[in-house]
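See structure below.
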Amino acid sequence: MKNKSYTSLPLSFNRKAIRASASINTKNAIHSITEVDVSIPRDLINNHYKKTGEKLSFTGYIVTCFAQVIRQYPQLNSFIKRSRLICLNDVCISVLVEREFDGELFPEPIAIKEAQAKTYKQISDEIRAAKNNPNKKMGGLSGMEWIKYIPGFLLKTFVRIANTNIKMAKRYGKVAVTAVGMYSKEPVWFVPHGTATVLLTVGSIIPRVVEHDGKFVTREHLCLTVSFDHDIVDGSPAARFMNQFIETLKSGIHIKL
């Protein structure tokens, strides 16, 4: 519907689903906002590309490091169901991939199951395959195409129930990664909302002049926000997790090609 001063457009089902998911987020979140020197892993990935022509996903590398550190903090791989803490044995990471549906761009999650047992190459391949997936239906990557049959007025109820469902948690995970900010050329951090117990939001990669080995050099720094559900994770374990995650991420240790 058009007016001289504005245009009124109907909300697509995909937008309604995202709105329903966002509206049930009532967790008490704490956020860690930081920068990480990722020059070493970026150089390793670029050198691999020059030698082989194979372009590996940097998001895949971040997910690999995330999985390995989450594995060492089992309480973070959990959620609350009524009055009990449900800790998952396998690390399933929900990774948001931007896709186009009917001319609109939406984030769609893919589940990297048993991520703690997978190599960087395996995880990178899964993310690449998802981005190149020809299925253009919402839910096509996660096996949830049936969600479009849920009436719009029931979406919030469905998302609220699914959020504490053990079967859904095992299938889609309670830790998540979104890399929507990587495409900015300026320093960008995002403070997200979401129902994940630990949500890693990747911002931009920017050059920083720093002192390294007694010399001033330009290094690549990654802007990161990590959000924790404060109902489950206190500040001290969150800080310990961040210290270990940062050291793991900057080391390049999981790039074994």
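Ligands are numbered from 1 in the order shown, chains are lettered A, B, ... in the order of the structure tokens, and residues start at 1 in each chain.
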* Asked: When DSSP works through the backbone of this structure, what residues of range 37-227 of chain A end up as helix (DSSP H, G or I), shown as JSON, numbers by chain?
  -> {"A": [39, 40, 41, 42, 43, 44, 45, 46, 47, 48, 49, 50, 51, 52, 58, 59, 60, 61, 62, 63, 64, 65, 66, 67, 68, 69, 70, 74, 75, 76, 115, 116, 117, 120, 121, 122, 123, 124, 125, 126, 127, 128, 129, 130, 131, 145, 146, 147, 148, 149, 152, 153, 154, 155, 156, 157, 158, 159, 160, 161, 162, 166, 167, 168, 169, 170, 171, 172, 180, 181, 182, 183]}
* Asked: Do you know which residues are at most 9 Å from Ile246 in chain A counting only C-alpha atoms, after dropping those on the same chain fewer than 3 positions away, and could you put them as a list of chain:residue names?
  -> A:Glu35, A:Val36, A:Asp37, A:Phe241, A:Met242, A:Asn243, A:Leu249, A:Lys250, A:Ser251
* Structure fact -> Closest of A:Ile161, A:Ile80, A:Ile205, A:Leu56 to Ala129 in chain A, counting only C-alpha atoms, is A:Leu56
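For the atom pair formed by CA of Ala179 in chain A and CA of Thr201 in chain A, the distance is 5.9 Å, given to one decimal.
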* Every residue of range 50-257 of chain A that DSSP places in strand (DSSP E or B), as number ranges by chain -> A: 78-81, 84-87, 93-101, 104-112, 175-178, 198-212, 215-229
* Write out as a ChimeraX atom specification the residues lying within 7 Å of Glu220 in chain A, counting only C-alpha atoms and excluding same-chain residues fewer than 5 positions away. => /A:37-39,205-208
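Between CA of Val69 in chain A and CA of Gln244 in chain A there is a distance of 7.0 Å.
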Taking 2 positions as the minimum chain separation for residues in the same chain, which residues sit within 8 Å of Ile255 in chain A when counting only C-alpha atoms? Answer as a compact mmCIF listing (two decimals) with N, CA and C atoms, in the first residue's frame.
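To be explicit, this is the file written out as around-v2.txt:
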# COMPACT_ATOMS: atom_id res chain seq x y z
N PRO A 41 46.70 -16.83 12.37
CA PRO A 41 45.80 -17.71 11.61
C PRO A 41 45.45 -17.15 10.24
N LEU A 44 48.28 -18.02 7.93
CA LEU A 44 48.28 -19.45 7.62
C LEU A 44 47.22 -19.79 6.57
N ILE A 45 46.04 -19.19 6.72
CA ILE A 45 44.95 -19.44 5.77
C ILE A 45 45.31 -18.87 4.39
N TYR A 61 37.23 -21.33 11.00
CA TYR A 61 38.33 -21.38 11.97
C TYR A 61 37.85 -20.89 13.34
N TYR A 120 39.20 -28.30 11.50
CA TYR A 120 38.91 -27.01 10.88
C TYR A 120 38.47 -27.19 9.43
N GLY A 252 46.49 -19.89 16.11
CA GLY A 252 46.47 -20.64 14.85
C GLY A 252 46.67 -22.14 15.06
N ILE A 253 46.57 -22.59 16.29
CA ILE A 253 46.91 -23.98 16.62
C ILE A 253 46.01 -24.99 15.94
N LEU A 257 46.52 -28.47 8.24
CA LEU A 257 46.09 -28.80 6.89
C LEU A 257 47.05 -29.78 6.23
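Interatomic distance, CA of Met168 in chain A to CA of Pro107 in chain A: 18.6 Å.
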* Near Arg71 in chain A, counting only C-alpha atoms, which residues have an atom at most 9 Å away, once you skip same-chain residues fewer than 3 positions from it, shown as a VMD selection string? -> chain A and resid 66 to 68 74 76 to 77 89 to 91 116
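Nearest to Ser227 in chain A of all the residues A:His31, A:Lys256, A:Lys131, A:Arg99 is A:His31, based on only C-alpha atoms.
Excluding Cys223 in chain A itself and any same-chain residue fewer than 4 positions from it, the protein and nucleic acid residues within 6 Å of it, counting only C-alpha atoms, are Glu35, Trp189, Gly203 and Ser204 of chain A.
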Can you spit out the residues from that selection as a compact mmCIF listing (two decimals), in the first residue's frame, using C-alpha atoms?
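Now in out-v9.txt:
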# COMPACT_ATOMS: atom_id res chain seq x y z
CA GLU A 35 39.81 -7.33 20.01
CA TRP A 189 31.25 -4.52 17.27
CA GLY A 203 32.70 -8.00 14.01
CA SER A 204 35.12 -6.50 11.51
